[in-house]
Amino acid sequence: MALTEQQKQKKAKQKKLKQKTRTKADTSQQLQDKIAAYLEFPFYECLIPNNLFEAGIGNILITRMSPQGEVAVCSFIIDVYCLGIKNVLFKTLPVPEYENVFKPGIVKSHGDYAFSKIKPACAKKLIEGAADYAKQLGFHPHKHYQSVKTIFGEEKLGRCWTRYRYGKDKMPHYIKGPNESAAEANKIVATLNQSCGAGNFHFML
C-alpha cells in the first residue's frame, strides 16, 4: 500500500532524528576516546578565574600533560548563578602554545582577571555542583559535558573541603548571554518560573 504524503514526511522526520542521534553518539564516543589516551598522564593544572562567583560565569581549565610535552585541555564554561555547564571544549597542544597563546587568551577573555590553581578534586566538585544546581532548575548541561568530564578519570582525587554556593543572594540569577536570542531568554525565564515560582529568582535581560 502506497504511503500518504503525511506518512512520508513522518518517516523522513524519524529517519533524520535517528541520524542526528547517531551522529551525536559518535561524536561523544570520539571525544571520550581522545581524552582516554591522556588519562594515564598526571594532571598539569586546574584553573578557575578568581572572580567566578562575582561574575557568575567563567572558564574552568582542566589539563593533563604527556611525557612528550603535549597538553590535553578540557575547558568548561560554567554559569554558577543559573544555567550550569554552558559549553565544553577539548583540544591538545604543545606546552609552549598552551602557556604562551591559549592560556593568555582565556585570561584576556575574562577581562584579564587572574586565575588560580585548585586541586582536581575541587575542580570536579565545582563543575559537578554547577551541573546539579542547574538540573534542579530544569536546565541540562552541554551535550558533550559527560564526555569531556571523563578528563578526571576514575582515579581517587581525594577530598575537597571547599564549599561552593550556587546562585546569587541565595536565589537563581539568570543573566542573558550575548549568544542567547530573546526567544531563548524568555524560555529560560519561563523554566525558572515553573521550577522556582515567580519572585523566587532574579533575571537580567
# chains A, B, ... in the order shown; residues from 1 in each chain; ligands from 1
$ residues_around --residues "range 133-150 of chain A" --least-positions-apart "4" --cutoff "7 Å" --atoms "only C-alpha atoms" --output "number ranges by chain"
A: 28, 31-32, 74, 82-88, 90, 129, 191-192, 195
$ residues_around --residues "Ile151 in chain A" --least-positions-apart "6" --cutoff "9 Å" --atoms "only C-alpha atoms" --output "list in words"
Gln32, Ile35, Ala36, Tyr38, Leu39, Ile62, Thr63, Arg64, Ala72, Val73 and Cys74 of chain A
$ select_by_dssp --residues "range 27-163 of chain A" --states "strand (DSSP E or B)" --output "JSON, numbers by chain"
{"A": [43, 44, 45, 46, 47, 48, 49, 57, 58, 59, 60, 61, 62, 63, 64, 65, 70, 71, 72, 73, 74, 75, 76, 77, 78, 79, 84, 85, 86, 87, 88, 89, 90, 91, 92, 93, 94, 115, 116, 117]}
$ residues_around --residues "Asn59 in chain A" --least-positions-apart "2" --cutoff "7 Å" --atoms "only C-alpha atoms" --output "short mmCIF file (atom, residue, chain, number, x, y, z; two decimals) with C-alpha atoms, in the first residue's frame"
data_model
loop_
_atom_site.label_atom_id
_atom_site.label_comp_id
_atom_site.auth_asym_id
_atom_site.auth_seq_id
_atom_site.Cartn_x
_atom_site.Cartn_y
_atom_site.Cartn_z
CA ILE A 48 39.48 28.87 37.76
CA PRO A 49 39.01 32.65 37.42
CA LEU A 61 40.52 24.61 32.63
CA SER A 75 37.53 23.67 29.12
CA PHE A 76 34.20 24.06 30.91
CA ILE A 77 32.30 27.34 30.63
CA ILE A 78 30.05 27.30 33.68
#
$ atom_distance --atom1 "CA of Tyr166 in chain A" --atom2 "CA of Asn51 in chain A"
13.7 Å
$ closest_residue --among "A:Gly111, A:Gly58, A:Gly69, A:Pro120" --to "Val95 in chain A" --atoms "only C-alpha atoms"
A:Gly69
$ closest_residue --among "A:Gln68, A:Glu45, A:Ala37, A:Asp132" --to "Lys103 in chain A" --atoms "only C-alpha atoms"
A:Glu45
$ closest_residue --among "A:Leu205, A:Cys122, A:Ala130, A:Cys196" --to "Tyr174 in chain A" --atoms "only C-alpha atoms"
A:Leu205
$ closest_residue --among "A:Ile127, A:Ile57, A:Ile118, A:Met65" --to "Tyr98 in chain A" --atoms "only C-alpha atoms"
A:Met65
$ closest_residue --among "A:Phe102, A:Phe41, A:Phe203, A:Tyr164" --to "Ala123 in chain A" --atoms "only C-alpha atoms"
A:Tyr164
$ select_by_dssp --residues "range 68-204 of chain A" --states "alpha helix (DSSP H)" --output "PyMOL selection string"
chain A and resi 95-97+103-109+120-137+145-148+182-196
$ atom_distance --atom1 "CA of Gly158 in chain A" --atom2 "CA of Asp79 in chain A"
24.9 Å
